[in-house]
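**Q** Handing over coords.txt, compact mmCIF, C-alpha atoms.
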```txt
# COMPACT_ATOMS: atom_id res chain seq x y z
CA MET A 13 0.00 0.00 0.00
CA SER A 14 1.39 3.39 -0.95
CA LYS A 15 1.93 6.14 1.59
CA ARG A 16 0.54 9.57 0.89
CA ILE A 17 2.68 12.31 2.39
CA VAL A 18 1.16 15.76 2.38
CA ARG A 19 2.15 19.19 3.56
CA PHE A 20 -0.71 21.42 4.59
CA CYS A 21 -0.80 25.14 4.02
CA TYR A 22 -2.73 27.42 6.34
CA ARG A 23 -3.00 30.98 5.06
CA LYS A 24 -3.70 33.23 7.98
CA ILE A 25 -5.10 36.65 7.20
CA ILE A 26 -4.22 39.44 9.61
CA GLU A 27 -6.10 42.70 9.41
CA ALA A 28 -7.38 45.58 11.50
CA ALA A 29 -10.29 43.51 12.82
CA SER A 30 -8.04 40.68 14.03
CA SER A 31 -8.61 40.29 17.75
CA LYS A 32 -6.01 37.87 19.09
CA GLN A 33 -2.99 39.44 20.75
CA TRP A 34 -0.45 37.73 18.50
CA ASP A 35 -2.38 38.88 15.44
CA LYS A 36 -2.50 42.43 16.78
CA TYR A 37 1.25 42.49 17.33
CA VAL A 38 1.83 41.25 13.79
CA PHE A 39 -0.63 43.82 12.45
CA GLU A 40 0.98 46.72 14.32
CA SER A 41 4.58 45.71 13.61
CA SER A 42 4.05 44.98 9.95
CA TYR A 43 2.17 48.24 9.41
CA LYS A 44 4.88 50.27 11.12
CA GLU A 45 7.53 48.52 9.04
CA TYR A 46 5.50 49.07 5.88
CA LEU A 47 5.26 52.80 6.61
CA MET A 48 9.04 52.96 7.04
CA GLN A 49 10.18 50.78 4.17
CA SER A 50 7.65 51.92 1.57
CA GLN A 51 9.12 55.45 1.74
CA PHE A 52 12.20 54.14 -0.05
CA TYR A 53 10.12 53.23 -3.10
CA ASP A 54 7.83 56.27 -3.04
CA LYS A 55 10.09 59.17 -2.14
CA GLU A 56 7.65 61.68 -3.64
CA LYS A 57 4.75 60.23 -1.67
CA LYS A 58 2.65 59.78 -4.79
CA PHE A 59 0.91 56.55 -3.89
CA SER A 60 -1.30 55.88 -0.92
CA LYS A 61 -2.03 52.18 -1.43
CA PHE A 62 0.43 49.32 -1.82
CA SER A 63 -1.42 48.13 -4.93
CA GLU A 64 -0.89 51.55 -6.55
CA LEU A 65 2.75 51.59 -5.54
CA PHE A 66 3.34 48.09 -6.89
CA ASN A 67 1.59 48.82 -10.19
CA ASN A 68 3.76 51.90 -10.76
CA ILE A 69 7.02 50.85 -9.17
CA PRO A 70 7.48 47.11 -9.71
CA SER A 71 10.63 46.96 -7.55
CA SER A 72 8.41 47.65 -4.54
CA GLU A 73 7.69 43.93 -4.75
CA LYS A 74 10.64 43.64 -2.36
CA LEU A 75 8.42 45.11 0.36
CA HIS A 76 6.98 41.63 0.94
CA PHE A 77 10.43 40.49 2.00
CA LEU A 78 11.47 43.71 3.72
CA VAL A 79 8.30 43.96 5.82
CA SER A 80 8.53 40.28 6.78
CA THR A 81 11.56 41.19 8.92
CA SER A 82 9.17 42.84 11.37
CA VAL A 83 7.29 39.62 12.11
CA ILE A 84 10.09 37.03 12.28
CA GLY A 85 10.28 37.42 16.07
CA TYR A 86 6.56 36.70 16.40
CA LEU A 87 6.84 33.65 14.18
CA LYS A 88 9.61 32.31 16.41
CA GLN A 89 7.35 32.76 19.42
CA LEU A 90 4.98 30.17 17.97
CA ASN A 91 7.66 27.54 18.66
CA GLY A 92 6.88 25.74 15.44
CA SER A 93 3.14 25.29 16.01
CA VAL A 94 0.75 26.35 13.26
CA PRO A 95 -1.72 28.69 14.98
CA ASP A 96 -5.52 28.41 14.90
CA ILE A 97 -5.65 24.98 13.25
CA THR A 98 -6.78 22.30 15.67
CA ASN A 99 -7.60 18.64 15.45
CA ASN A 100 -11.07 17.35 16.22
CA LEU A 101 -10.18 17.37 19.92
CA GLY A 102 -9.58 21.12 19.75
CA LYS A 103 -5.82 20.97 20.10
CA GLN A 104 -3.14 22.48 17.94
CA PHE A 105 -1.01 19.76 16.44
CA LEU A 106 0.40 20.90 13.09
CA LYS A 107 4.10 21.77 13.10
CA PHE A 108 5.74 24.17 10.67
CA SER A 109 9.19 25.45 9.87
CA ASN A 110 8.45 27.27 6.62
CA PHE A 111 6.28 30.29 6.06
CA GLN A 112 5.52 32.87 3.42
CA PHE A 113 4.70 36.47 4.21
CA GLU A 114 2.73 38.68 1.86
CA ILE A 115 1.26 42.13 1.94
CA ILE A 116 -2.27 41.82 0.60
CA GLU A 117 -2.90 45.56 0.70
CA SER A 118 -1.78 48.52 2.71
CA ASP A 119 -2.32 52.24 2.76
CA VAL A 120 0.02 54.81 4.24
CA LYS A 121 -2.95 57.08 4.94
CA ASN A 122 -5.36 54.50 6.28
CA LYS A 123 -4.21 51.85 8.73
CA GLN A 124 -7.57 50.10 8.49
CA ASP A 125 -6.71 49.01 4.95
CA HIS A 126 -3.51 47.22 6.02
CA ARG A 127 -3.88 43.47 5.45
CA VAL A 128 -1.18 40.85 5.41
CA ALA A 129 -1.17 37.08 5.12
CA ILE A 130 1.17 34.51 6.55
CA SER A 131 1.07 31.07 4.95
CA PHE A 132 2.26 28.33 7.26
CA TYR A 133 3.59 25.22 5.52
CA SER A 134 3.27 22.20 7.75
CA ASP A 135 5.94 19.61 8.22
CA PRO A 136 5.18 16.39 6.28
CA MET A 137 2.11 14.44 7.44
CA LEU A 138 0.90 10.99 6.47
CA TRP A 139 -2.65 11.00 5.11
CA HIS A 140 -4.06 7.61 6.05
CA ASP A 141 -7.74 7.90 5.29
CA THR A 142 -10.68 10.23 4.87
CA ILE A 143 -13.57 9.83 7.31
CA ASP A 144 -16.64 11.88 6.55
CA ASN A 145 -15.33 15.47 6.47
CA PHE A 146 -12.13 14.63 8.24
CA LEU A 147 -8.68 13.64 7.13
CA LEU A 148 -7.01 11.02 9.29
CA VAL A 149 -3.37 12.09 9.51
CA SER A 150 -0.25 11.48 11.55
CA GLU A 151 3.21 12.98 11.68
CA ALA A 152 5.30 11.54 8.86
CA ASN A 153 8.25 11.19 11.20
CA GLY A 154 6.18 10.39 14.29
CA LYS A 155 7.18 7.63 16.67
CA LYS A 156 5.11 4.47 16.86
CA THR A 157 3.65 3.51 20.19
CA GLU A 158 2.43 0.13 21.37
CA ASP A 159 -1.00 1.28 20.19
CA GLY A 160 0.41 1.91 16.72
CA THR A 161 0.60 5.31 15.06
CA LEU A 162 -0.90 8.26 16.93
CA THR A 163 -3.29 10.07 14.65
CA HIS A 164 -5.30 13.26 14.35
CA LEU A 165 -8.63 13.97 12.70
CA LEU A 166 -8.45 17.21 10.76
CA GLN A 167 -11.36 19.01 9.19
CA VAL A 168 -10.58 20.90 6.03
CA GLU A 169 -11.79 24.44 6.35
CA SER A 170 -11.38 27.76 4.55
CA PHE A 171 -7.78 28.94 4.22
CA LEU A 172 -6.48 25.43 4.92
CA SER A 173 -5.31 23.43 1.95
CA ILE A 174 -2.99 20.64 0.93
CA TYR A 175 0.15 22.29 -0.40
CA SER A 176 1.95 19.22 -1.70
CA LEU A 177 1.39 15.51 -2.17
CA LYS A 178 4.03 12.83 -2.42
CA GLU A 179 3.20 9.17 -2.88
CA GLU A 180 5.69 6.59 -1.75
CA LEU A 181 5.48 2.85 -2.16
CA MET B 16 26.39 29.38 18.08
CA ASP B 17 24.72 31.91 15.83
CA GLN B 18 22.28 34.55 16.99
CA SER B 19 19.26 32.88 15.50
CA ARG B 20 19.98 29.62 17.23
CA LYS B 21 20.48 31.45 20.53
CA HIS B 22 17.24 33.30 19.99
CA PHE B 23 15.44 30.12 19.19
CA LEU B 24 16.75 28.41 22.31
CA LYS B 25 15.84 31.45 24.35
CA ASN B 26 12.30 31.28 23.03
CA MET B 27 12.18 27.59 23.79
CA PHE B 28 13.14 28.42 27.35
CA ILE B 29 10.55 31.16 27.64
CA GLY B 30 8.00 28.77 26.18
CA ALA B 31 8.82 26.12 28.73
CA ALA B 32 8.79 28.60 31.59
CA SER B 33 5.40 29.88 30.49
CA VAL B 34 3.54 26.63 30.75
CA PRO B 35 2.63 26.80 34.45
CA MET B 36 1.60 30.38 33.99
CA ILE B 37 -0.73 29.47 31.16
CA LEU B 38 -2.30 26.71 33.20
CA SER B 39 -2.95 28.94 36.16
CA ALA B 40 -3.42 32.42 34.80
CA CYS B 41 -6.86 31.76 33.30
CA LYS B 42 -6.40 34.56 30.84
CA LYS B 43 -8.20 34.78 27.57
CA ASP B 44 -5.93 34.48 24.59
CA THR B 45 -6.98 37.92 23.43
CA GLU B 46 -5.63 39.63 26.50
CA SER B 47 -2.34 41.40 26.45
CA THR B 48 0.25 40.55 29.02
CA GLY B 49 2.39 43.49 28.03
CA THR B 50 5.53 42.01 29.54
CA SER B 51 7.73 39.07 28.82
CA SER B 52 6.17 35.83 29.91
CA GLY B 53 7.76 33.74 32.58
CA SER B 54 8.25 36.55 35.09
CA GLY B 55 4.67 37.59 35.80
CA SER B 56 2.88 36.52 38.93
CA SER B 57 0.23 33.88 38.75
CA SER B 58 -3.25 35.10 39.54
CA GLY B 59 -5.38 32.05 38.94
CA ASN B 60 -7.82 30.95 41.60
CA GLY B 61 -8.75 27.61 40.12
CA THR B 62 -12.33 28.64 39.42
CA GLY B 63 -11.86 29.94 35.92
CA GLY B 64 -11.60 33.60 36.86
CA THR B 65 -14.25 36.07 37.93
CA SER B 66 -15.39 37.39 34.57
CA CYS B 67 -18.31 35.68 32.87
CA THR B 68 -16.67 34.54 29.67
CA ALA B 69 -16.41 31.10 28.16
CA ALA B 70 -13.13 29.31 28.63
CA PRO B 71 -11.06 29.18 25.48
CA THR B 72 -11.05 25.82 23.76
CA GLU B 73 -7.31 25.81 24.06
CA THR B 74 -4.70 28.24 25.19
CA GLU B 75 -2.50 29.53 22.41
CA GLY B 76 0.79 28.42 23.81
CA PRO B 77 3.25 31.00 25.13
CA PHE B 78 1.72 34.42 25.42
CA PRO B 79 2.98 36.67 22.65
CA THR B 80 5.39 39.36 23.72
CA HIS B 81 6.29 42.53 21.88
CA THR B 82 9.34 41.91 19.70
CA PRO B 83 11.39 44.40 17.70
CA SER B 84 12.10 43.93 14.01
CA SER B 85 14.68 41.26 13.28
CA LEU B 86 16.67 44.04 11.59
CA MET B 87 17.34 45.71 14.95
CA ARG B 88 20.87 44.48 15.67
CA THR B 89 24.52 45.46 15.83
CA ASP B 90 26.15 42.44 14.18
CA ILE B 91 24.62 42.12 10.73
CA ARG B 92 26.88 39.38 9.35
CA ASP B 93 24.76 36.28 9.95
CA ASP B 94 26.44 33.57 7.88
CA ARG B 95 28.45 35.87 5.59
CA THR B 96 32.24 35.68 5.71
CA GLY B 97 34.78 38.29 4.70
CA VAL B 98 37.11 40.97 6.02
CA LEU B 99 35.76 42.41 9.26
CA LEU B 100 34.31 45.91 8.87
CA THR B 101 33.10 48.10 11.71
CA ILE B 102 30.74 50.76 10.41
CA LYS B 103 30.34 53.85 12.55
CA ILE B 104 27.86 56.41 11.26
CA THR B 105 27.17 59.79 12.85
CA ILE B 106 23.91 61.54 12.04
CA GLN B 107 23.79 65.34 12.23
CA ASN B 108 20.80 67.63 11.93
CA THR B 109 21.13 70.38 9.30
CA ASN B 110 18.13 72.11 10.85
CA ASN B 111 20.00 72.45 14.13
CA SER B 112 23.47 73.71 13.14
CA CYS B 113 24.56 70.14 12.40
CA ALA B 114 24.25 69.08 16.04
CA ALA B 115 24.23 65.35 16.70
CA LEU B 116 20.80 63.82 16.11
CA ALA B 117 19.88 61.35 18.85
CA GLY B 118 17.06 58.85 18.50
CA ALA B 119 17.22 58.64 14.70
CA ILE B 120 16.68 55.21 13.16
CA VAL B 121 19.42 54.15 10.76
CA ASP B 122 18.94 51.25 8.33
CA ILE B 123 21.92 49.97 6.40
CA TRP B 124 22.28 47.23 3.83
CA HIS B 125 25.03 46.12 1.49
CA CYS B 126 26.12 43.19 -0.64
CA ASP B 127 28.31 40.27 0.46
CA LYS B 128 31.87 39.60 -0.76
CA ASP B 129 30.47 38.08 -3.97
CA GLY B 130 28.14 41.00 -4.71
CA TYR B 131 24.85 39.46 -3.55
CA TYR B 132 22.19 41.04 -1.36
CA SER B 133 19.94 39.17 1.02
CA GLU B 134 16.59 39.17 -0.62
CA TYR B 135 13.89 36.69 -1.22
CA GLY B 136 12.17 37.33 -4.51
CA GLY B 137 8.55 38.29 -4.01
CA THR B 138 6.82 36.04 -1.53
CA ALA B 139 9.02 32.96 -1.72
CA MET B 140 8.86 30.53 1.15
CA GLN B 141 11.14 31.35 4.06
CA SER B 142 12.39 29.24 6.91
CA VAL B 143 11.77 30.49 10.42
CA ASN B 144 15.08 29.26 11.75
CA TYR B 145 17.30 30.26 8.87
CA SER B 146 19.30 33.21 10.09
CA GLY B 147 20.78 34.05 6.70
CA VAL B 148 17.56 35.50 5.34
CA THR B 149 18.46 39.08 6.21
CA PHE B 150 22.25 38.95 6.06
CA LEU B 151 24.05 42.30 5.85
CA ARG B 152 20.95 44.28 6.74
CA GLY B 153 20.63 46.06 10.05
CA ARG B 154 18.98 48.82 12.02
CA GLN B 155 20.12 50.86 14.98
CA THR B 156 18.91 53.96 16.82
CA THR B 157 21.44 56.78 17.24
CA ASP B 158 22.78 57.47 20.72
CA ALA B 159 23.23 60.87 22.39
CA ASN B 160 26.21 61.50 20.09
CA GLY B 161 24.13 60.76 17.02
CA GLN B 162 26.10 57.57 16.46
CA VAL B 163 25.32 54.02 15.44
CA THR B 164 27.83 51.20 15.03
CA PHE B 165 27.45 47.99 13.06
CA THR B 166 29.71 44.96 12.81
CA SER B 167 29.82 43.66 9.27
CA ILE B 168 32.12 42.52 6.50
CA PHE B 169 33.79 44.58 3.80
CA PRO B 170 31.32 44.70 0.89
CA GLY B 171 32.25 43.12 -2.42
CA TRP B 172 31.18 44.65 -5.70
CA TYR B 173 29.07 43.81 -8.71
CA SER B 174 29.07 44.89 -12.32
CA GLY B 175 28.05 48.49 -12.91
CA ARG B 176 28.50 49.77 -9.37
CA THR B 177 31.37 50.88 -7.21
CA THR B 178 31.70 49.55 -3.65
CA HIS B 179 28.91 51.08 -1.57
CA ILE B 180 26.67 50.79 1.47
CA HIS B 181 23.02 51.84 1.41
CA VAL B 182 21.75 53.99 4.26
CA HIS B 183 18.20 55.06 5.07
CA VAL B 184 17.80 57.49 7.96
CA TYR B 185 14.44 57.97 9.66
CA ASN B 186 13.38 60.10 12.58
CA ALA B 187 12.24 58.35 15.76
CA ALA B 188 8.69 58.14 14.40
CA GLY B 189 9.87 56.33 11.26
CA THR B 190 9.51 59.24 8.84
CA SER B 191 12.17 59.14 6.15
CA LEU B 192 14.80 61.87 6.48
CA LYS B 193 17.41 60.74 3.97
CA VAL B 194 18.10 57.88 1.58
CA THR B 195 21.77 57.84 0.66
CA GLN B 196 24.80 55.66 0.05
CA ILE B 197 28.32 55.54 1.41
CA ALA B 198 31.20 55.41 -1.08
CA PHE B 199 34.76 54.22 -0.43
CA PRO B 200 38.12 55.94 -1.01
CA GLU B 201 40.11 54.73 -4.00
CA GLY B 202 43.81 54.39 -4.86
CA SER B 203 46.45 51.70 -5.16
CA SER B 204 46.72 51.15 -1.41
CA SER B 205 43.05 51.75 -0.61
CA ALA B 206 41.04 49.25 1.37
CA VAL B 207 38.90 48.54 -1.68
CA VAL B 208 41.94 47.50 -3.74
CA LEU B 209 43.67 45.58 -0.95
CA VAL B 210 40.56 43.66 0.04
CA ASN B 211 39.55 42.75 -3.49
CA THR B 212 43.04 41.75 -4.61
CA THR B 213 44.51 40.10 -1.50
CA ALA B 214 41.80 39.02 0.94
CA SER B 215 40.75 35.42 1.04
CA GLY B 216 37.31 34.82 -0.45
CA TYR B 217 37.22 38.04 -2.50
CA THR B 218 37.73 36.50 -5.91
CA LYS B 219 36.78 39.28 -8.34
CA GLY B 220 39.93 41.37 -8.17
CA MET B 221 39.58 44.86 -9.68
CA SER B 222 39.11 43.89 -13.31
CA GLY B 223 35.89 45.43 -14.59
CA TYR B 224 35.45 47.49 -11.43
CA THR B 225 33.37 50.67 -11.65
CA TYR B 226 35.23 53.56 -9.99
CA ASN B 227 33.43 56.36 -8.14
CA SER B 228 33.90 58.82 -11.02
CA ASN B 229 32.04 56.48 -13.38
CA ASP B 230 29.42 55.37 -10.89
CA GLY B 231 25.85 56.35 -11.67
CA VAL B 232 25.19 57.35 -8.07
CA PHE B 233 28.46 58.92 -6.92
CA SER B 234 29.82 60.52 -10.11
CA ASP B 235 28.17 63.85 -9.24
CA ASP B 236 29.77 63.88 -5.78
CA THR B 237 32.82 65.85 -6.91
CA ALA B 238 33.43 67.19 -3.38
CA GLY B 239 33.54 63.63 -2.05
CA VAL B 240 31.10 64.17 0.82
CA GLU B 241 29.72 60.68 0.30
CA ILE B 242 33.16 59.05 0.58
CA CYS B 243 33.84 57.56 4.01
CA ALA B 244 37.03 57.56 6.06
CA ILE B 245 38.52 54.13 6.54
CA SER B 246 41.39 52.70 8.57
CA GLY B 247 42.78 49.28 9.37
CA SER B 248 44.12 46.35 7.41
CA VAL B 249 42.95 43.22 5.64
CA ALA B 250 44.30 41.08 8.49
CA ALA B 251 42.92 43.10 11.41
CA GLY B 252 39.80 44.36 9.70
CA TYR B 253 38.76 47.89 8.83
CA ALA B 254 36.87 50.65 10.62
CA LEU B 255 34.66 52.90 8.54
CA THR B 256 33.44 56.27 9.77
CA GLN B 257 31.02 58.52 8.00
CA THR B 258 28.93 61.52 8.96
CA ILE B 259 25.58 61.95 7.29
CA LYS B 260 23.76 65.27 7.52
CA VAL B 261 19.99 65.17 7.42
CA PRO B 262 17.22 67.73 7.84
CA ALA B 263 15.32 66.68 10.96
```
Produce structure tokens that represent the structure in this file.
**A**
Amino acid sequence: MSKRIVRFCYRKIIEAASSKQWDKYVFESSYKEYLMQSQFYDKEKKFSKFSELFNNIPSSEKLHFLVSTSVIGYLKQLNGSVPDITNNLGKQFLKFSNFQFEIIESDVKNKQDHRVAISFYSDPMLWHDTIDNFLLVSEANGKKTEDGTLTHLLQVESFLSIYSLKEEL
Amino acid sequence: MDQSRKHFLKNMFIGAASVPMILSACKKDTESTGTSSGSGSSSGNGTGGTSCTAAPTETEGPFPTHTPSSLMRTDIRDDRTGVLLTIKITIQNTNNSCAALAGAIVDIWHCDKDGYYSEYGGTAMQSVNYSGVTFLRGRQTTDANGQVTFTSIFPGWYSGRTTHIHVHVYNAAGTSLKVTQIAFPEGSSSAVVLVNTTASGYTKGMSGYTYNSNDGVFSDDTAGVEICAISGSVAAGYALTQTIKVPA
């Protein structure tokens, strides 16, 4: 029987309405960094929105990378756990070591329009079966116990997807 | 042990120290703790707190703490090797008789010995524990003397540009005051020539080098105000000093 190894991607949107403390820190820090770094690309202050800036000054694409420096410390605080996503028991269980930061939109004149996304790429998981709306998964490198492999039931929801699939015999 | 690894271990420690606090503090995950976790007093009473709110399904792990940008650092080398370079920049305020400007934020960035900048194209995937992501980029706030100091390596060069360091100066609120670059002195015994022709790892030599007078950025600087002072040696490393005047 072949093994299906998947990596999940959870794309977390962070915006003005985000209420969790971690989200608020990321929102505040990334907006402050955006205000600072975007001035390099728009010295004449011609563009209010990131989308306008990007359309007119393509090199401002680097702002995704430059602004990500403001949130690295917060990502480290997660200690490798993908936030928000829980198994059917209500516990966080997905581990990550890779992420992707993007500025969805921002506006130097209106903080409310600042929106960023962080995509968390999970470490490899074995996808054993699908039960109703749930995926039965376990850590690809997880230890076996005397009860066999320890598994999680994961419901696929919005902003959670399977990033990659590898089948091994 | 590199800085990132230390930081990671430090966070692991904070995380571990936070666990009892999370179990007993009965705080909602939306509440701010404001201070670093692990040192706060425990206020739990075992009855789920006094406010009438539903218990969270699960605590979020260590409480988030306010963290500065990963650019805020003195040693900007990360994994880059090369001739040691100490960069001391003094910021003066042209709107105040060129007095030292304290509290200004100074960003610098430059290329490595091979001419490459740290930069992930667009939104490529990054690794949380890879310290090299922002190599040779740093940020400091000026002291009472208007000074910031960075530990780095002597920049290499790439086709079309002379050796240079980018500088962006902001006021304390983050408003841009000056975007500029630092140029290097030239001549047969200059640091630029000695590093590129004799230092280990600097493989380009000076063939095809763009000198300041032909550089698109510095060629108009006939007075040389953008050219830094530099002292030292390839073996011991160099010290760069430069004063940048900004209207604050």
**Q** Restrict the distance test to all atoms listed in the file, flag each residue of chain A within 6 Å of chain B, and return the flagged residues as a compact mmCIF listing (two decimals) with C-alpha atoms, in the coordinates of the input.
**A**
```txt
# COMPACT_ATOMS: atom_id res chain seq x y z
CA LYS A 32 -6.01 37.87 19.09
CA GLN A 33 -2.99 39.44 20.75
CA TRP A 34 -0.45 37.73 18.50
CA MET A 48 9.04 52.96 7.04
CA GLU A 73 7.69 43.93 -4.75
CA LYS A 74 10.64 43.64 -2.36
CA THR A 81 11.56 41.19 8.92
CA SER A 82 9.17 42.84 11.37
CA GLY A 85 10.28 37.42 16.07
CA SER A 109 9.19 25.45 9.87
CA ASN A 110 8.45 27.27 6.62
CA PHE A 111 6.28 30.29 6.06
CA GLN A 112 5.52 32.87 3.42
CA GLU A 114 2.73 38.68 1.86
```
**Q** Point out the residue among B:Thr225, B:Thr101, B:Asn108, B:Thr89 with the least atom-to-atom distance to B:Asn160, counting all atoms listed in the file.
**A** B:Asn108
**Q** Find the distance between atom CA of B:Ile197 and atom CA of B:Cys243 and write it in Å to one decimal.
**A**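 Interatomic distance, atom CA of B:Ile197 to atom CA of B:Cys243: 6.4 Å.
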**Q** So which residues touch stretch 93-102 of chain A within 8 Å, counting all atoms listed in the file, skipping near sequence neighbours fewer than 2 positions away, as a list in words?
**A**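 The contact residues come out as Tyr22, Leu90, Asn91, Gln104, Phe105, Leu106, Lys107, Phe108, Phe132, Ser134, His164, Leu165, Leu166 and Gln167 of chain A; Thr72, Glu73 and Glu75 of chain B.
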**Q** Could you give me, as a ChimeraX atom specification, the residues within 10 Å of A:Lys123, counting only C-alpha atoms and dropping anything in the same chain fewer than 2 positions from it?
**A** /A:27-28,39-40,43-44,47,118-121,125-127
**Q** Could you name the residues that touch stretch 204-210 of chain B at 9 Å or less, counting only C-alpha atoms, but leaving out those on the same chain fewer than 5 positions away, as a list in words?
**A** Val98, Phe169, Pro170, Gly171, Thr178, Phe199, Ser215, Tyr217, Gly220, Met221, Ile245, Ser246, Gly247, Ser248, Val249 and Tyr253 of chain B
**Q** Using all atoms listed in the file - which residues lie no farther than 7 Å from the point (-10.1, 15.6, 8.4) in the file's frame? Write them as a ChimeraX atom specification.
**A** /A:142-143,145-148,165-168
**Q** Which is closest to A:Tyr53 among A:Leu162, A:Ile26, A:Ile69, A:Ser176, if we use all atoms listed in the file?
**A**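 That would be A:Ile69, the residue with the smallest distance to A:Tyr53.
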**Q** What separation in Å, quoted to one decimal, exists between atom CA of B:Ile168 and atom CA of B:Gly97?
**A**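 One can read the atom CA of B:Ile168 to atom CA of B:Gly97 distance as 5.3 Å.
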**Q** What is the atom CA of B:Cys113-atom CA of B:Asp236 distance in Å, reported with one decimal?
**A**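 Atom-to-atom, atom CA of B:Cys113 and atom CA of B:Asp236 are spaced 19.9 Å apart.
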**Q** I'd like the neighbourhood of A:Trp139 as a PyMOL selection string, where a residue qualifies if any of its atoms comes within 7 Å (using all atoms listed in the file), though same-chain residues fewer than 6 positions away should be ignored.
**A** chain A and resi 16-18+147-150
**Q** Could you pull the residues within 10 Å of B:Asp230, counting all atoms listed in the file, minus those fewer than 6 positions along the same chain, as a ChimeraX atom specification?
**A** /B:175-178,198,224,236
